[in-house]
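This is my_file04.cif (mmCIF, C-alpha atoms and all ligand atoms).
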```
data_model
loop_
_atom_site.group_PDB
_atom_site.id
_atom_site.type_symbol
_atom_site.label_atom_id
_atom_site.label_comp_id
_atom_site.auth_asym_id
_atom_site.auth_seq_id
_atom_site.Cartn_x
_atom_site.Cartn_y
_atom_site.Cartn_z
ATOM 1 C CA MET A 135 11.302 -18.075 -15.281
ATOM 2 C CA PRO A 136 11.074 -17.311 -11.530
ATOM 3 C CA HIS A 137 8.353 -14.768 -10.920
ATOM 4 C CA THR A 138 6.059 -13.215 -8.302
ATOM 5 C CA LEU A 139 2.410 -12.215 -8.684
ATOM 6 C CA PHE A 140 0.360 -9.390 -7.132
ATOM 7 C CA ILE A 141 -3.435 -9.112 -7.046
ATOM 8 C CA SER A 142 -5.891 -6.937 -5.123
ATOM 9 C CA ASP A 143 -9.454 -5.643 -5.033
ATOM 10 C CA LEU A 144 -11.277 -8.840 -5.991
ATOM 11 C CA HIS A 145 -14.048 -7.993 -3.483
ATOM 12 C CA LEU A 146 -15.129 -11.638 -3.537
ATOM 13 C CA ASN A 147 -18.698 -12.362 -2.488
ATOM 14 C CA ALA A 148 -21.351 -14.961 -3.219
ATOM 15 C CA ASP A 149 -23.390 -12.505 -5.317
ATOM 16 C CA GLU A 150 -20.586 -12.161 -7.907
ATOM 17 C CA PRO A 151 -20.132 -15.743 -9.176
ATOM 18 C CA ALA A 152 -18.342 -14.602 -12.352
ATOM 19 C CA THR A 153 -15.591 -12.974 -10.272
ATOM 20 C CA VAL A 154 -15.301 -16.102 -8.144
ATOM 21 C CA ALA A 155 -14.970 -18.161 -11.349
ATOM 22 C CA ARG A 156 -12.215 -15.773 -12.528
ATOM 23 C CA PHE A 157 -10.391 -16.270 -9.252
ATOM 24 C CA GLU A 158 -10.752 -20.058 -9.573
ATOM 25 C CA ALA A 159 -9.246 -19.793 -13.069
ATOM 26 C CA PHE A 160 -6.404 -17.651 -11.676
ATOM 27 C CA CYS A 161 -5.753 -20.309 -9.010
ATOM 28 C CA ARG A 162 -5.749 -23.049 -11.632
ATOM 29 C CA ASP A 163 -4.003 -21.411 -14.601
ATOM 30 C CA VAL A 164 -1.890 -18.491 -13.407
ATOM 31 C CA ALA A 165 -0.725 -18.862 -9.814
ATOM 32 C CA PRO A 166 0.843 -22.351 -9.718
ATOM 33 C CA GLY A 167 4.628 -22.198 -9.872
ATOM 34 C CA ALA A 168 4.954 -18.570 -8.716
ATOM 35 C CA ASP A 169 7.634 -17.922 -6.093
ATOM 36 C CA ALA A 170 5.114 -15.846 -4.190
ATOM 37 C CA VAL A 171 1.602 -14.491 -4.561
ATOM 38 C CA TYR A 172 0.819 -11.233 -2.770
ATOM 39 C CA ILE A 173 -2.829 -10.262 -2.212
ATOM 40 C CA LEU A 174 -2.784 -6.513 -1.499
ATOM 41 C CA GLY A 175 -6.144 -6.117 0.202
ATOM 42 C CA ASP A 176 -9.870 -6.047 -0.487
ATOM 43 C CA PHE A 177 -9.794 -9.726 -1.351
ATOM 44 C CA PHE A 178 -13.255 -10.090 0.206
ATOM 45 C CA GLU A 179 -16.218 -7.743 -0.253
ATOM 46 C CA TYR A 180 -16.048 -7.417 3.522
ATOM 47 C CA TRP A 181 -14.835 -9.453 6.476
ATOM 48 C CA ALA A 182 -16.754 -9.280 9.744
ATOM 49 C CA GLY A 183 -14.442 -11.491 11.830
ATOM 50 C CA ASP A 184 -12.654 -14.855 11.688
ATOM 51 C CA ASP A 185 -15.651 -16.577 13.296
ATOM 52 C CA ASP A 186 -17.315 -16.159 9.870
ATOM 53 C CA ALA A 187 -14.695 -18.416 8.230
ATOM 54 C CA SER A 188 -16.888 -21.517 8.427
ATOM 55 C CA GLU A 189 -19.769 -19.911 6.485
ATOM 56 C CA ALA A 190 -20.134 -21.875 3.209
ATOM 57 C CA PHE A 191 -18.910 -19.213 0.766
ATOM 58 C CA ASN A 192 -16.002 -18.117 2.953
ATOM 59 C CA ALA A 193 -14.998 -21.741 3.555
ATOM 60 C CA ARG A 194 -14.951 -22.364 -0.194
ATOM 61 C CA ILE A 195 -12.685 -19.355 -0.812
ATOM 62 C CA ILE A 196 -10.398 -20.304 2.081
ATOM 63 C CA GLY A 197 -10.138 -23.765 0.501
ATOM 64 C CA LEU A 198 -8.948 -22.183 -2.763
ATOM 65 C CA LEU A 199 -6.330 -20.135 -0.901
ATOM 66 C CA GLN A 200 -5.179 -23.169 1.050
ATOM 67 C CA GLN A 201 -4.743 -25.114 -2.161
ATOM 68 C CA MET A 202 -2.918 -22.190 -3.790
ATOM 69 C CA SER A 203 -0.575 -22.024 -0.818
ATOM 70 C CA THR A 204 0.610 -25.540 -1.671
ATOM 71 C CA GLN A 205 1.262 -24.593 -5.323
ATOM 72 C CA VAL A 206 3.273 -21.393 -4.834
ATOM 73 C CA GLY A 207 6.378 -20.580 -2.804
ATOM 74 C CA THR A 208 4.608 -18.345 -0.278
ATOM 75 C CA LEU A 209 1.173 -16.775 -0.153
ATOM 76 C CA TYR A 210 0.923 -13.344 1.476
ATOM 77 C CA LEU A 211 -1.986 -11.052 2.274
ATOM 78 C CA GLN A 212 -2.197 -7.419 3.265
ATOM 79 C CA HIS A 213 -5.401 -5.949 4.664
ATOM 80 C CA GLY A 214 -7.656 -3.678 2.612
ATOM 81 C CA ASN A 215 -10.295 -1.221 3.796
ATOM 82 C CA ARG A 216 -12.969 -3.932 3.404
ATOM 83 C CA ASP A 217 -11.182 -6.851 5.046
ATOM 84 C CA PHE A 218 -8.918 -5.344 7.701
ATOM 85 C CA LEU A 219 -10.472 -7.732 10.259
ATOM 86 C CA LEU A 220 -8.917 -10.811 8.596
ATOM 87 C CA GLY A 221 -7.004 -12.318 11.496
ATOM 88 C CA PRO A 222 -4.666 -15.111 12.522
ATOM 89 C CA GLU A 223 -7.291 -17.881 12.435
ATOM 90 C CA PHE A 224 -8.181 -17.021 8.863
ATOM 91 C CA ALA A 225 -4.480 -16.842 7.931
ATOM 92 C CA LYS A 226 -3.802 -20.266 9.404
ATOM 93 C CA ALA A 227 -6.748 -21.880 7.636
ATOM 94 C CA ALA A 228 -5.804 -20.236 4.306
ATOM 95 C CA GLY A 229 -2.102 -21.137 4.598
ATOM 96 C CA LEU A 230 -1.007 -17.553 4.180
ATOM 97 C CA THR A 231 1.103 -14.961 5.959
ATOM 98 C CA LEU A 232 -0.424 -11.605 6.946
ATOM 99 C CA LEU A 233 1.747 -8.566 6.199
ATOM 100 C CA ALA A 234 1.758 -5.075 7.688
ATOM 101 C CA ASP A 235 0.756 -2.112 5.530
ATOM 102 C CA PRO A 236 3.034 -0.651 4.282
ATOM 103 C CA CYS A 237 5.936 -3.058 4.114
ATOM 104 C CA GLU A 238 9.078 -3.586 2.122
ATOM 105 C CA ILE A 239 9.744 -6.707 0.063
ATOM 106 C CA ASP A 240 12.612 -7.972 -2.068
ATOM 107 C CA LEU A 241 11.917 -8.870 -5.692
ATOM 108 C CA TYR A 242 14.951 -10.609 -7.126
ATOM 109 C CA GLY A 243 17.361 -8.045 -5.700
ATOM 110 C CA ARG A 244 15.103 -5.040 -6.292
ATOM 111 C CA LYS A 245 13.151 -3.726 -3.319
ATOM 112 C CA ALA A 246 9.571 -2.523 -3.437
ATOM 113 C CA ILE A 247 7.065 -0.986 -1.027
ATOM 114 C CA ILE A 248 3.671 -2.687 -0.988
ATOM 115 C CA SER A 249 0.449 -1.236 0.389
ATOM 116 C CA HIS A 250 -3.295 -1.521 -0.118
ATOM 117 C CA GLY A 251 -3.232 2.188 -0.981
ATOM 118 C CA ASP A 252 -6.198 3.598 0.953
ATOM 119 C CA ALA A 253 -3.920 5.378 3.448
ATOM 120 C CA LEU A 254 -2.485 7.391 0.530
ATOM 121 C CA CYS A 255 -5.879 8.902 -0.327
ATOM 122 C CA THR A 256 -5.436 11.735 2.157
ATOM 123 C CA ASP A 257 -7.682 14.191 0.269
ATOM 124 C CA ASP A 258 -10.629 11.947 1.221
ATOM 125 C CA VAL A 259 -10.834 13.420 4.706
ATOM 126 C CA ALA A 260 -14.128 11.721 5.653
ATOM 127 C CA TYR A 261 -12.648 8.333 4.774
ATOM 128 C CA GLN A 262 -9.411 8.996 6.679
ATOM 129 C CA GLN A 263 -11.426 9.865 9.812
ATOM 130 C CA PHE A 264 -13.425 6.676 9.391
ATOM 131 C CA ARG A 265 -10.191 4.725 8.837
ATOM 132 C CA GLN A 266 -8.619 6.078 11.995
ATOM 133 C CA MET A 267 -11.649 4.943 13.974
ATOM 134 C CA VAL A 268 -11.934 1.406 12.591
ATOM 135 C CA ARG A 269 -8.188 0.681 12.661
ATOM 136 C CA ASN A 270 -8.052 1.403 16.401
ATOM 137 C CA PRO A 271 -7.449 -1.946 18.211
ATOM 138 C CA GLN A 272 -9.824 -1.032 21.061
ATOM 139 C CA TRP A 273 -12.559 -0.111 18.612
ATOM 140 C CA GLN A 274 -11.995 -3.407 16.799
ATOM 141 C CA ALA A 275 -12.134 -5.433 20.016
ATOM 142 C CA GLN A 276 -15.415 -3.752 20.918
ATOM 143 C CA PHE A 277 -16.794 -4.372 17.423
ATOM 144 C CA LEU A 278 -15.722 -8.028 17.481
ATOM 145 C CA SER A 279 -17.408 -8.549 20.866
ATOM 146 C CA GLN A 280 -20.802 -8.133 19.183
ATOM 147 C CA PRO A 281 -22.654 -11.169 17.780
ATOM 148 C CA LEU A 282 -21.674 -12.124 14.211
ATOM 149 C CA PRO A 283 -25.118 -11.375 12.665
ATOM 150 C CA VAL A 284 -25.021 -7.872 14.178
ATOM 151 C CA ARG A 285 -21.511 -7.290 12.786
ATOM 152 C CA LYS A 286 -22.542 -8.488 9.330
ATOM 153 C CA ALA A 287 -25.565 -6.199 9.338
ATOM 154 C CA ILE A 288 -23.347 -3.228 10.294
ATOM 155 C CA ALA A 289 -20.804 -4.147 7.602
ATOM 156 C CA GLU A 290 -23.535 -4.409 4.944
ATOM 157 C CA ASP A 291 -25.015 -1.089 6.047
ATOM 158 C CA LEU A 292 -21.564 0.493 5.811
ATOM 159 C CA ARG A 293 -21.101 -0.907 2.320
ATOM 160 C CA ARG A 294 -24.336 0.819 1.245
ATOM 161 C CA LYS A 295 -23.263 4.063 2.945
ATOM 162 C CA SER A 296 -19.870 3.840 1.267
ATOM 163 C CA GLU A 297 -21.366 3.398 -2.217
ATOM 164 C CA ALA A 298 -23.672 6.377 -1.561
ATOM 165 C CA SER A 299 -20.878 8.583 -0.203
ATOM 166 C CA LYS A 300 -18.650 7.816 -3.218
ATOM 167 C CA GLN A 301 -21.364 9.247 -5.496
ATOM 168 C CA GLU A 302 -20.945 12.556 -3.688
ATOM 169 C CA LYS A 303 -17.144 12.635 -3.895
ATOM 170 C CA ALA A 304 -15.101 14.048 -6.759
ATOM 171 C CA ALA A 305 -13.039 11.343 -8.489
ATOM 172 C CA ALA A 306 -9.813 13.239 -7.772
ATOM 173 C CA ILE A 307 -10.158 13.044 -3.992
ATOM 174 C CA MET A 308 -10.488 9.253 -4.223
ATOM 175 C CA ASP A 309 -7.062 8.960 -5.870
ATOM 176 C CA VAL A 310 -3.742 8.990 -4.048
ATOM 177 C CA ASN A 311 -2.327 12.320 -2.868
ATOM 178 C CA ALA A 312 1.079 13.141 -4.401
ATOM 179 C CA ASP A 313 2.534 14.367 -1.092
ATOM 180 C CA ALA A 314 1.384 11.182 0.671
ATOM 181 C CA VAL A 315 3.168 9.109 -1.998
ATOM 182 C CA ALA A 316 6.343 11.194 -1.645
ATOM 183 C CA SER A 317 6.215 10.817 2.172
ATOM 184 C CA LEU A 318 5.837 7.066 1.830
ATOM 185 C CA PHE A 319 8.886 6.807 -0.437
ATOM 186 C CA ALA A 320 10.782 8.997 2.059
ATOM 187 C CA ARG A 321 10.086 6.424 4.803
ATOM 188 C CA PHE A 322 11.862 3.746 2.747
ATOM 189 C CA PRO A 323 15.131 5.331 1.568
ATOM 190 C CA GLY A 324 16.586 3.747 -1.534
ATOM 191 C CA ILE A 325 13.322 2.125 -2.691
ATOM 192 C CA THR A 326 11.919 3.521 -5.932
ATOM 193 C CA ASP A 327 8.988 1.151 -6.579
ATOM 194 C CA LEU A 328 5.576 1.200 -4.881
ATOM 195 C CA ILE A 329 2.896 -1.392 -5.634
ATOM 196 C CA HIS A 330 -0.665 -0.770 -4.443
ATOM 197 C CA GLY A 331 -4.338 -1.301 -5.232
ATOM 198 C CA HIS A 332 -7.548 0.342 -3.938
ATOM 199 C CA THR A 333 -8.013 3.122 -6.518
ATOM 200 C CA HIS A 334 -9.072 0.774 -9.352
ATOM 201 C CA ARG A 335 -6.951 2.806 -11.794
ATOM 202 C CA PRO A 336 -4.401 0.289 -13.077
ATOM 203 C CA ALA A 337 -1.268 1.903 -14.461
ATOM 204 C CA CYS A 338 2.444 2.342 -13.927
ATOM 205 C CA HIS A 339 3.098 5.984 -13.046
ATOM 206 C CA THR A 340 6.643 7.292 -13.172
ATOM 207 C CA GLN A 341 7.818 10.472 -11.514
ATOM 208 C CA HIS A 342 11.069 12.161 -10.535
ATOM 209 C CA LEU A 343 11.064 13.126 -6.873
ATOM 210 C CA ASP A 344 14.816 13.728 -6.602
ATOM 211 C CA ALA A 345 17.640 12.445 -8.761
ATOM 212 C CA ASN A 346 15.801 9.127 -9.071
ATOM 213 C CA GLU A 347 12.885 7.907 -11.101
ATOM 214 C CA TYR A 348 10.102 6.489 -8.934
ATOM 215 C CA ARG A 349 7.492 4.045 -10.171
ATOM 216 C CA ARG A 350 3.988 3.552 -8.738
ATOM 217 C CA TRP A 351 2.330 0.357 -9.908
ATOM 218 C CA VAL A 352 -1.465 0.373 -9.458
ATOM 219 C CA LEU A 353 -3.193 -3.015 -9.574
ATOM 220 C CA PRO A 354 -6.515 -3.577 -11.358
ATOM 221 C CA ASP A 355 -9.776 -4.382 -9.560
ATOM 222 C CA TRP A 356 -11.809 -7.421 -10.541
ATOM 223 C CA TYR A 357 -15.204 -5.699 -10.982
ATOM 224 C CA GLU A 358 -17.621 -6.293 -13.859
ATOM 225 C CA GLY A 359 -15.609 -8.832 -15.802
ATOM 226 C CA LYS A 360 -12.295 -7.040 -15.355
ATOM 227 C CA TRP A 361 -9.394 -8.818 -13.733
ATOM 228 C CA GLY A 362 -5.625 -8.859 -13.817
ATOM 229 C CA TYR A 363 -2.358 -8.947 -11.919
ATOM 230 C CA LEU A 364 1.193 -7.651 -11.800
ATOM 231 C CA ARG A 365 3.853 -10.199 -12.720
ATOM 232 C CA CYS A 366 7.424 -9.493 -11.666
ATOM 233 C CA SER A 367 10.517 -11.424 -12.665
ATOM 234 C CA ALA A 368 14.129 -10.292 -12.257
ATOM 235 C CA ASP A 369 14.039 -8.601 -15.674
ATOM 236 C CA VAL A 370 10.445 -7.647 -16.423
ATOM 237 C CA TRP A 371 7.568 -6.184 -14.421
ATOM 238 C CA GLN A 372 4.363 -6.467 -16.372
ATOM 239 C CA LEU A 373 0.852 -5.296 -15.526
ATOM 240 C CA GLN A 374 -1.672 -7.713 -17.068
ATOM 241 C CA CYS A 375 -5.186 -6.268 -17.280
ATOM 242 C CA TYR A 376 -8.032 -8.115 -18.958
HETATM 243 O O1 LIG B 401 -14.863 0.322 -0.131
HETATM 244 P P1 LIG B 401 -15.275 1.323 -1.135
HETATM 245 O O2 LIG B 401 -14.569 1.174 -2.435
HETATM 246 O O3 LIG B 401 -16.780 1.363 -1.328
HETATM 247 O O4 LIG B 401 -14.921 2.773 -0.577
HETATM 248 C C1 LIG B 401 -13.777 3.043 0.196
HETATM 249 C C2 LIG B 401 -14.194 3.799 1.433
HETATM 250 N N1 LIG B 401 -15.213 3.060 2.176
HETATM 251 C C3 LIG B 401 -14.900 2.165 3.115
HETATM 252 C C4 LIG B 401 -16.058 1.453 3.789
HETATM 253 C C5 LIG B 401 -16.156 0.022 3.294
HETATM 254 O O5 LIG B 401 -16.602 -0.036 1.958
HETATM 255 C C6 LIG B 401 -17.123 -0.810 4.123
HETATM 256 C C7 LIG B 401 -16.381 -1.449 5.246
HETATM 257 C C8 LIG B 401 -16.838 -2.812 5.524
HETATM 258 C C9 LIG B 401 -15.950 -3.326 6.644
HETATM 259 C C10 LIG B 401 -16.531 -4.446 7.360
HETATM 260 C C11 LIG B 401 -15.786 -4.737 8.617
HETATM 261 C C12 LIG B 401 -16.529 -4.324 9.786
HETATM 262 C C13 LIG B 401 -16.100 -3.051 10.312
HETATM 263 C C14 LIG B 401 -17.271 -2.207 10.596
HETATM 264 C C15 LIG B 401 -16.871 -0.773 10.660
HETATM 265 C C16 LIG B 401 -17.950 0.110 11.243
HETATM 266 O O6 LIG B 401 -13.766 1.855 3.392
HETATM 267 C C17 LIG B 401 -14.749 5.155 1.059
HETATM 268 C C18 LIG B 401 -13.734 5.878 0.197
HETATM 269 C C19 LIG B 401 -13.388 5.035 -1.026
HETATM 270 O O7 LIG B 401 -12.855 3.779 -0.580
HETATM 271 C C20 LIG B 401 -12.370 5.675 -1.965
HETATM 272 O O8 LIG B 401 -11.119 5.768 -1.341
HETATM 273 O O9 LIG B 401 -14.256 7.125 -0.198
HETATM 274 O O10 LIG B 401 -14.922 5.902 2.246
HETATM 275 C C21 LIG B 401 -16.201 6.057 2.754
HETATM 276 O O11 LIG B 401 -17.167 5.807 2.097
HETATM 277 C C22 LIG B 401 -16.259 6.555 4.176
HETATM 278 C C23 LIG B 401 -17.239 7.720 4.328
HETATM 279 O O12 LIG B 401 -16.810 8.824 3.600
HETATM 280 C C24 LIG B 401 -17.350 8.094 5.790
HETATM 281 C C25 LIG B 401 -17.911 6.981 6.658
HETATM 282 C C26 LIG B 401 -19.402 7.150 6.881
HETATM 283 C C27 LIG B 401 -19.963 6.082 7.786
HETATM 284 C C28 LIG B 401 -19.698 6.356 9.233
HETATM 285 C C29 LIG B 401 -20.556 5.481 10.081
HETATM 286 C C30 LIG B 401 -19.807 4.900 11.234
HETATM 287 C C31 LIG B 401 -20.674 3.914 11.895
HETATM 288 C C32 LIG B 401 -19.925 2.968 12.800
HETATM 289 C C33 LIG B 401 -20.812 1.831 13.119
HETATM 290 C C34 LIG B 401 -20.296 0.975 14.192
HETATM 291 MN MN MN B 402 -9.858 -0.708 -1.128
#
```

What does the file become when written as structure tokens?
Amino acid sequence: MPHTLFISDLHLNADEPATVARFEAFCRDVAPGADAVYILGDFFEYWAGDDDASEAFNARIIGLLQQMSTQVGTLYLQHGNRDFLLGPEFAKAAGLTLLADPCEIDLYGRKAIISHGDALCTDDVAYQQFRQMVRNPQWQAQFLSQPLPVRKAIAEDLRRKSEASKQEKAAAIMDVNADAVASLFARFPGITDLIHGHTHRPACHTQHLDANEYRRWVLPDWYEGKWGYLRCSADVWQLQCY
């Protein structure tokens, strides 16, 4: 049956070979034949710039994406908070199309909003300030003008800082904010489905914002042996979490 797949938050890196093996299995056993595969951000642990694409691990992963792109209708990727520097050279090598966040897609006659989801976590004020800084094109150009080893060292330092700062934050502020979700739906009149990742809290939440029922599909992360995807056909949307 025609279907479309959604994954996010794999955080692929050379130090997590089991997750890489899971992704290889997904490429081999699950993805082929899908009309489209959407990767909704945080595919890599971090991305320091497209000039890092030839590094052995990154080249191996790009090879898997390139192969997948020949086995599915279309392969799409949206940026996450770890890999927002994935650019056009990477996209070309991987055979995929980069999408804006948020954006609207059509799933067999039913529309959906897709997003990584970090922009919805508005209670996490420190993160939103950080996000505003690093998503600024001038800031990115300045960052990318530094030598690759310097950028990788900064990215790795930020990863450590991020893990430390999350220990200090209440779990609730790292989830989506209800008003931010309602505002997002309001930007896309007539659409009642939102698919996102980032929070690592897989579920389908339903809520009534007006006369309609709205659904928020949260994708699973691929940490510590977990993995999964959302599979959508014309009739059935199913969250598969393992
Ligand atoms: O990613 P995760 O799950 O750990 O946590 C996120 C938020 N953290 C981040 C940071 C990323 O993990 C690391 C980014 C690597 C990008 C590499 C590209 C190179 C760009 C370099 C940019 C300088 O996104 C975390 C959220 C959490 O999700 C839940 O939503 O809480 O937010 C933070 O940890 C941010 C801190 O609260 C505030 C930032 C402190 C550091 C500021 C130093 C700025 C130094 C700039 C150096 C040039
Ligand atoms: Mn994320």

Review point. What does the PyMOL selection byres (((not hetatm)) within 6 of (chain B and resi 402)) select in this file, as a list in words?
Key: Asp176, Gly214, Asn215 and His332 of chain A

Mind writing the picked residues with C-alpha atoms as an mmCIF file, keeping the file's coordinate frame?
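File produced: again.cif:
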```
data_model
loop_
_atom_site.group_PDB
_atom_site.id
_atom_site.type_symbol
_atom_site.label_atom_id
_atom_site.label_comp_id
_atom_site.auth_asym_id
_atom_site.auth_seq_id
_atom_site.Cartn_x
_atom_site.Cartn_y
_atom_site.Cartn_z
ATOM 1 C CA ASP A 176 -9.870 -6.047 -0.487
ATOM 2 C CA GLY A 214 -7.656 -3.678 2.612
ATOM 3 C CA ASN A 215 -10.295 -1.221 3.796
ATOM 4 C CA HIS A 332 -7.548 0.342 -3.938
#
```

Specify the axis-aligned box that encloses all atoms of ligand LIG 401 (chain B) listed in the file after padding of 6 Å on each side, stating its centre and edge lengths in Å to one decimal as lines of an AutoDock Vina configuration file.
```
center_x = -16.0
center_y = 2.0
center_z = 5.9
size_x = 21.7
size_y = 25.6
size_z = 28.6
```

Exercise for review: Using all atoms listed in the file, determine which residues fall within 8 Å of ligand LIG 401 (chain B), then list them as an MDAnalysis selection string.
Suggested key: chainID A and resid 179:183 215:219 252 255 258:265 268 274 277 285:286 288:290 292:300 303 307:309 332:333

Check your understanding: Of the candidates A:His330, A:Lys245, A:Arg350, A:Arg269, which one gets nearest to Ala316 of chain A if we count all atoms listed in the file?
Key -> A:Arg350

Exercise for review: Could you give me, as a list in words, the residues within 8 Å of segment 191-195 of chain A, counting only C-alpha atoms and dropping anything in the same chain fewer than 4 positions from it?
Suggested key: Asn147, Ala148, Asp186, Ala187 and Leu199 of chain A

**Study point:** Interatomic distance (Å, one decimal) between atom CA of Asp355 of chain A and atom CA of Ile329 of chain A
**Key:** 13.6 Å

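Remark: for Val310 of chain A, the closest of the candidate residues A:Pro271, A:Gly359, A:Gly251, A:Pro336 is A:Gly251 (distances computed over all atoms listed in the file).
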
Exercise for review: Can you turn the PyMOL selection byres (((chain A and resi 233) around 6) and not hetatm) into a concrete residue list for this file, as a ChimeraX atom specification?
Suggested key: /A:211-212,232,234
